[in-house]
Amino acid sequence: MSEPMRNPGDIGRRVVARREELGLTREQVAARAGTAADYLRYVEERPTASPGTGFLIRLAAALETTVAQLRGSDADLPPGIGRAAYHPELTELDPGECWARLSTHGVGRVSVSTPDGPAIVPVNYTVVDGAVAFSTARGTTPALAAGAEAAFEVDHIDEALSEGWSVLVVGRAEWVTDPAATGRLVGAAHSAPWAGGDRELWVRITPDRVTGHRITAR
């Protein structure tokens, strides 16, 4: 069976996402890649754009990533399939560094106890008043965290440099029932839940401990 065709516009969306992640303008990336900003705009905005391999190699280097990631050929693979650095260094993050990484928002994983045993599920989360919160609905797996001690983990992997970090939050998870508190969480949410659906209830994890580690290549 042949591999399904990908929308060529996916490359443009990945370029924009990576550029914004690095905090770079289109002009800065174009200069790094040795191309015209107008052509980079064309690649980012036109679904019909089909840049050549040479351009993608230069663009990937400018964006500190890989051609495979720009093309999305590794989209269905787990992170961390690259080789370890020759001289990795594992260091502990101090509390300020942990909260700085947590506060960038995104997707994390929460541990829950289910009738079938322990489970770890991904959730979109936000950080408000020194606590981690996520929206869900009763009867879902993430909702099982409420009323018990929970562990929440978020991480980032840089495949190109074989570096990364992780932060672990452990604390009591509770339903948020105060309307004012719920309104603040809704207002602070970075994104609606990727899973979609009606998820208007919030669970808040008040941390008892926050720890983190970083792997860097020397």
# chains A, B, ... in the order shown; residues from 1 in each chain; ligands from 1
call {"tool": "residues_around", "arguments": {"residues": "range 93-109 of chain A", "least_positions_apart": "4", "cutoff": "7 Å", "atoms": "only C-alpha atoms", "output": "PyMOL selection string"}}
result
chain A and resi 120-127+152-154+167+190+210-214
call {"tool": "select_by_dssp", "arguments": {"residues": "range 38-186 of chain A", "states": "strand (DSSP E or B)", "output": "JSON, numbers by chain"}}
result
{"A": [88, 89, 90, 91, 92, 106, 107, 108, 109, 110, 111, 112, 113, 114, 117, 118, 119, 120, 121, 122, 123, 124, 125, 126, 127, 128, 131, 132, 133, 134, 135, 136, 148, 149, 150, 151, 152, 153, 154, 155, 156, 157, 158, 163, 164, 165, 166, 167, 168, 169, 170, 171, 172, 173, 174, 175]}
call {"tool": "closest_residue", "arguments": {"among": "A:His156, A:Trp165, A:Arg138, A:Pro179", "to": "Asp198 in chain A", "atoms": "only C-alpha atoms"}}
result
A:Arg138
call {"tool": "residues_around", "arguments": {"residues": "Glu163 in chain A", "least_positions_apart": "3", "cutoff": "6 Å", "atoms": "only C-alpha atoms", "output": "JSON, numbers by chain"}}
result
{"A": [158, 215, 216]}
call {"tool": "write_last_selection", "arguments": {"atoms": "all heavy atoms", "output": "CSV table (one decimal), in the first residue's frame"}}
result
chain,number,residue,atom,x,y,z
A,158,ASP,N,14.6,18.1,22.0
A,158,ASP,CA,15.3,18.7,20.8
A,158,ASP,C,16.0,17.6,20.1
A,158,ASP,O,17.1,17.3,20.5
A,158,ASP,CB,16.2,19.9,21.3
A,158,ASP,CG,16.7,20.7,20.1
A,158,ASP,OD1,16.9,20.1,19.0
A,158,ASP,OD2,17.0,21.9,20.2
A,215,ILE,N,18.9,17.7,30.1
A,215,ILE,CA,20.0,17.0,29.4
A,215,ILE,C,20.5,18.0,28.4
A,215,ILE,O,19.8,18.5,27.5
A,215,ILE,CB,19.5,15.7,28.7
A,215,ILE,CG1,19.0,14.7,29.7
A,215,ILE,CG2,20.7,15.1,27.9
A,215,ILE,CD1,18.4,13.5,29.1
A,216,THR,N,21.8,18.2,28.5
A,216,THR,CA,22.5,19.1,27.5
A,216,THR,C,23.7,18.4,26.9
A,216,THR,O,24.2,17.4,27.5
A,216,THR,CB,23.0,20.4,28.2
A,216,THR,OG1,23.8,20.1,29.3
A,216,THR,CG2,21.8,21.3,28.6
call {"tool": "closest_residue", "arguments": {"among": "A:Ser111, A:Gln28, A:Ser135, A:Thr91", "to": "Leu168 in chain A", "atoms": "only C-alpha atoms"}}
result
A:Ser111
call {"tool": "residues_around", "arguments": {"residues": "range 31-43 of chain A", "least_positions_apart": "6", "cutoff": "6 Å", "atoms": "only C-alpha atoms", "output": "PyMOL selection string"}}
result
chain A and resi 12+49+58-59+62
call {"tool": "residues_around", "arguments": {"residues": "Ala151 in chain A", "least_positions_apart": "5", "cutoff": "9 Å", "atoms": "only C-alpha atoms", "output": "JSON, numbers by chain"}}
result
{"A": [109, 110, 111, 112, 145, 168, 169, 170, 171, 172, 173, 205]}
call {"tool": "write_last_selection", "arguments": {"atoms": "N, CA and C atoms", "output": "PDB file, in the first residue's frame"}}
result
ATOM      1  N   ARG A 109       1.298  15.357  30.729  1.00  0.00           N
ATOM      2  CA  ARG A 109       0.708  14.050  31.004  1.00  0.00           C
ATOM      3  C   ARG A 109       0.392  13.942  32.500  1.00  0.00           C
ATOM      4  N   VAL A 110      -0.790  13.425  32.784  1.00  0.00           N
ATOM      5  CA  VAL A 110      -1.212  13.267  34.166  1.00  0.00           C
ATOM      6  C   VAL A 110      -1.420  11.785  34.458  1.00  0.00           C
ATOM      7  N   SER A 111      -0.985  11.365  35.634  1.00  0.00           N
ATOM      8  CA  SER A 111      -1.164   9.972  36.042  1.00  0.00           C
ATOM      9  C   SER A 111      -2.493   9.823  36.763  1.00  0.00           C
ATOM     10  N   VAL A 112      -3.181   8.729  36.504  1.00  0.00           N
ATOM     11  CA  VAL A 112      -4.469   8.463  37.153  1.00  0.00           C
ATOM     12  C   VAL A 112      -4.552   6.983  37.488  1.00  0.00           C
ATOM     13  N   ALA A 145      -8.297  11.748  38.055  1.00  0.00           N
ATOM     14  CA  ALA A 145      -7.245  12.309  38.902  1.00  0.00           C
ATOM     15  C   ALA A 145      -7.821  13.070  40.081  1.00  0.00           C
ATOM     16  N   LEU A 168       8.398  17.510  36.739  1.00  0.00           N
ATOM     17  CA  LEU A 168       7.399  16.655  37.389  1.00  0.00           C
ATOM     18  C   LEU A 168       6.751  17.417  38.534  1.00  0.00           C
ATOM     19  N   VAL A 169       5.419  17.431  38.527  1.00  0.00           N
ATOM     20  CA  VAL A 169       4.635  18.054  39.599  1.00  0.00           C
ATOM     21  C   VAL A 169       3.855  16.948  40.308  1.00  0.00           C
ATOM     22  N   VAL A 170       3.965  16.887  41.635  1.00  0.00           N
ATOM     23  CA  VAL A 170       3.233  15.903  42.427  1.00  0.00           C
ATOM     24  C   VAL A 170       2.426  16.648  43.479  1.00  0.00           C
ATOM     25  N   GLY A 171       1.132  16.354  43.549  1.00  0.00           N
ATOM     26  CA  GLY A 171       0.295  17.028  44.530  1.00  0.00           C
ATOM     27  C   GLY A 171      -1.135  16.536  44.478  1.00  0.00           C
ATOM     28  N   ARG A 172      -1.962  17.154  45.281  1.00  0.00           N
ATOM     29  CA  ARG A 172      -3.376  16.774  45.378  1.00  0.00           C
ATOM     30  C   ARG A 172      -4.149  17.380  44.217  1.00  0.00           C
ATOM     31  N   ALA A 173      -4.952  16.559  43.541  1.00  0.00           N
ATOM     32  CA  ALA A 173      -5.801  17.021  42.446  1.00  0.00           C
ATOM     33  C   ALA A 173      -7.235  17.159  42.940  1.00  0.00           C
ATOM     34  N   ILE A 205      -4.200  20.787  40.182  1.00  0.00           N
ATOM     35  CA  ILE A 205      -3.206  20.050  40.977  1.00  0.00           C
ATOM     36  C   ILE A 205      -2.378  21.060  41.749  1.00  0.00           C
TER      37      ILE A 205
END
call {"tool": "atom_distance", "arguments": {"atom1": "CA of Ala188 in chain A", "atom2": "CA of Val176 in chain A"}}
result
14.4 Å
call {"tool": "atom_distance", "arguments": {"atom1": "CA of Leu63 in chain A", "atom2": "CA of Ala17 in chain A"}}
result
10.2 Å
call {"tool": "residues_around", "arguments": {"residues": "range 182-184 of chain A", "least_positions_apart": "3", "cutoff": "10 Å", "atoms": "only C-alpha atoms", "output": "list in words"}}
result
Val128, Ser135, Trp175, Val176, Thr177, Asp178, Pro179, Gly187, Ala188, Ala189, Glu200, Leu201, Trp202 and Val203 of chain A
